[in-house]
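Peer 1: Attaching a single structure in structure tokens format; questions to follow.
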Amino acid sequence: MLRWLPFLLVATAATAAPAPPSPPLERIGTPSVNGARLPFSDAVRVGDVLFLSGAIGLGADGKLPAGIDAQARQTMDNIAAVLAKSGLGWGDVAKCTVMLDEIADWPAFNKVYASYFPTAEFPARSAFGADGLALGALVEVECIARAPAAK
């Protein structure tokens, strides 16, 4: 409760409601490169939201394919695999952030990216050029998805 006293606003603790409990964090996936565990999770679920770590186009062999088209496709496939681990798909993605080693690759990346959303219902997205992505990748993509517990 707030009460005015001459030249003073006083708050009393009697009316403070207890804070609701924080939703638990669920860590999903343990990424590694050439057998070495990386210091992050593939994704973290907080309540009804799934935060996906940035993904690059590493194949199962631990190597990056040549060219933006191949790396973009492998990156999107890697994201799809993380979504699937949580019972989600591309329709659950609300926001993506795209980092391109060469911003000139934006049109080529867009062509691949759009093919993963066949109904043309795209999430919100940001894209920017970045100088020096992990492991020399040409593209990195991170996403945020809705992840309702009932899914």
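Ordered as shown in the structure tokens, chains take letters A, B, and onward, while each chain numbers its residues from 1 and ligands are numbered from 1 in the order shown.
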Mind checking which residues fall within 9 Å of range 31-43 of chain A, counting only C-alpha atoms, ignoring those fewer than 2 positions away in the same chain, and posting them as an MDAnalysis selection string?

Peer 2: chainID A and resid 26:29 45 50:55 58 61:63 79 82:83

Peer 1: Excluding Asn78 in chain A and residues on its chain fewer than 3 positions from it, collect all residues at most 8 Å away from it, counting only C-alpha atoms, and give them as a CSV table (one decimal) with N, CA, C and O atoms, in the first residue's frame.

Peer 2:
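Once written, out31.csv looks like this:
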chain,number,residue,atom,x,y,z
A,55,ALA,N,23.2,-21.7,-34.9
A,55,ALA,CA,23.6,-22.9,-35.6
A,55,ALA,C,24.4,-22.5,-36.9
A,55,ALA,O,24.1,-21.5,-37.5
A,56,ILE,N,25.4,-23.3,-37.1
A,56,ILE,CA,26.2,-23.2,-38.4
A,56,ILE,C,26.0,-24.5,-39.2
A,56,ILE,O,25.4,-25.4,-38.7
A,57,GLY,N,26.5,-24.5,-40.4
A,57,GLY,CA,26.3,-25.6,-41.3
A,57,GLY,C,27.2,-26.8,-41.1
A,57,GLY,O,27.5,-27.5,-42.1
A,74,GLN,N,22.5,-26.8,-44.8
A,74,GLN,CA,22.9,-27.6,-43.6
A,74,GLN,C,22.5,-26.9,-42.3
A,74,GLN,O,22.1,-27.5,-41.3
A,75,THR,N,22.7,-25.6,-42.3
A,75,THR,CA,22.4,-24.8,-41.1
A,75,THR,C,20.9,-24.9,-40.8
A,75,THR,O,20.5,-25.2,-39.6
A,81,ALA,N,16.6,-30.1,-36.8
A,81,ALA,CA,16.8,-31.2,-35.9
A,81,ALA,C,16.7,-30.8,-34.4
A,81,ALA,O,16.1,-31.6,-33.6
A,82,VAL,N,17.1,-29.6,-34.0
A,82,VAL,CA,16.9,-29.2,-32.7
A,82,VAL,C,15.5,-28.9,-32.4
A,82,VAL,O,15.0,-29.3,-31.3

Peer 1: By how many Å are CA of Ala94 in chain A and CA of Asp69 in chain A apart?

Peer 2: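 Distance reported for this atom pair: 23.2 Å.
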
Peer 1: Restricting the calculation to only C-alpha atoms: of A:Pro24, A:Gly47, A:Gly59, A:Gly132, which residue gets closest to Met99 in chain A?

Peer 2: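 Closest to Met99 in chain A of all the choices is A:Gly132.
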
Peer 1: Could you pull out the alpha helix (DSSP H) residues of chain A from DSSP and send them as a list in words?

Peer 2: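 The alpha helix (DSSP H) subset of chain A is Ile68, Asp69, Ala70, Gln71, Ala72, Arg73, Gln74, Thr75, Met76, Asp77, Asn78, Ile79, Ala80, Ala81, Val82, Leu83, Ala84, Lys85, Trp106, Pro107, Ala108, Phe109, Asn110, Lys111, Val112, Tyr113 and Ala114 of chain A.
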
Peer 1: Would you please work out which residue, of A:Ala17, A:Leu88, A:Val112, A:Val141, is nearest to Ala70 in chain A when using only C-alpha atoms?

Peer 2: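 Nearest candidate to Ala70 in chain A out of A:Ala17, A:Leu88, A:Val112, A:Val141: A:Val112.
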
Peer 1: So which residues of range 39-91 of chain A fall under strand (DSSP E) by DSSP, listed as a list of chain:residue names?

Peer 2: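 The strand (DSSP E) residues within range 39-91 of chain A come out as A:Ala43, A:Val44, A:Arg45, A:Val46, A:Val49, A:Leu50, A:Phe51, A:Leu52.
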
Peer 1: For those residues, write N, CA and C atoms to a file as a PDB file, in the first residue's frame.

Peer 2:
ATOM      1  N   ALA A  43      19.700 -25.732 -27.243  1.00  0.00           N
ATOM      2  CA  ALA A  43      18.534 -24.887 -26.968  1.00  0.00           C
ATOM      3  C   ALA A  43      18.243 -24.923 -25.476  1.00  0.00           C
ATOM      4  N   VAL A  44      17.489 -23.922 -25.028  1.00  0.00           N
ATOM      5  CA  VAL A  44      17.027 -23.871 -23.644  1.00  0.00           C
ATOM      6  C   VAL A  44      15.554 -23.473 -23.667  1.00  0.00           C
ATOM      7  N   ARG A  45      14.740 -24.292 -23.001  1.00  0.00           N
ATOM      8  CA  ARG A  45      13.313 -23.982 -22.875  1.00  0.00           C
ATOM      9  C   ARG A  45      13.102 -23.270 -21.546  1.00  0.00           C
ATOM     10  N   VAL A  46      12.376 -22.144 -21.604  1.00  0.00           N
ATOM     11  CA  VAL A  46      11.983 -21.398 -20.415  1.00  0.00           C
ATOM     12  C   VAL A  46      10.479 -21.212 -20.534  1.00  0.00           C
ATOM     13  N   VAL A  49       8.711 -20.941 -24.115  1.00  0.00           N
ATOM     14  CA  VAL A  49       9.589 -20.376 -25.132  1.00  0.00           C
ATOM     15  C   VAL A  49      10.848 -21.226 -25.239  1.00  0.00           C
ATOM     16  N   LEU A  50      11.256 -21.509 -26.474  1.00  0.00           N
ATOM     17  CA  LEU A  50      12.486 -22.240 -26.729  1.00  0.00           C
ATOM     18  C   LEU A  50      13.474 -21.300 -27.402  1.00  0.00           C
ATOM     19  N   PHE A  51      14.640 -21.112 -26.781  1.00  0.00           N
ATOM     20  CA  PHE A  51      15.712 -20.281 -27.326  1.00  0.00           C
ATOM     21  C   PHE A  51      16.745 -21.221 -27.931  1.00  0.00           C
ATOM     22  N   LEU A  52      16.946 -21.137 -29.245  1.00  0.00           N
ATOM     23  CA  LEU A  52      17.922 -21.979 -29.923  1.00  0.00           C
ATOM     24  C   LEU A  52      19.238 -21.231 -30.056  1.00  0.00           C
TER      25      LEU A  52
END

Peer 1: Give me, please, the distance in Å between CA of Gly129 in chain A and CA of Ser86 in chain A, quoted to one decimal.

Peer 2: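 So the two atoms, CA of Gly129 in chain A and CA of Ser86 in chain A, lie 29.6 Å apart.
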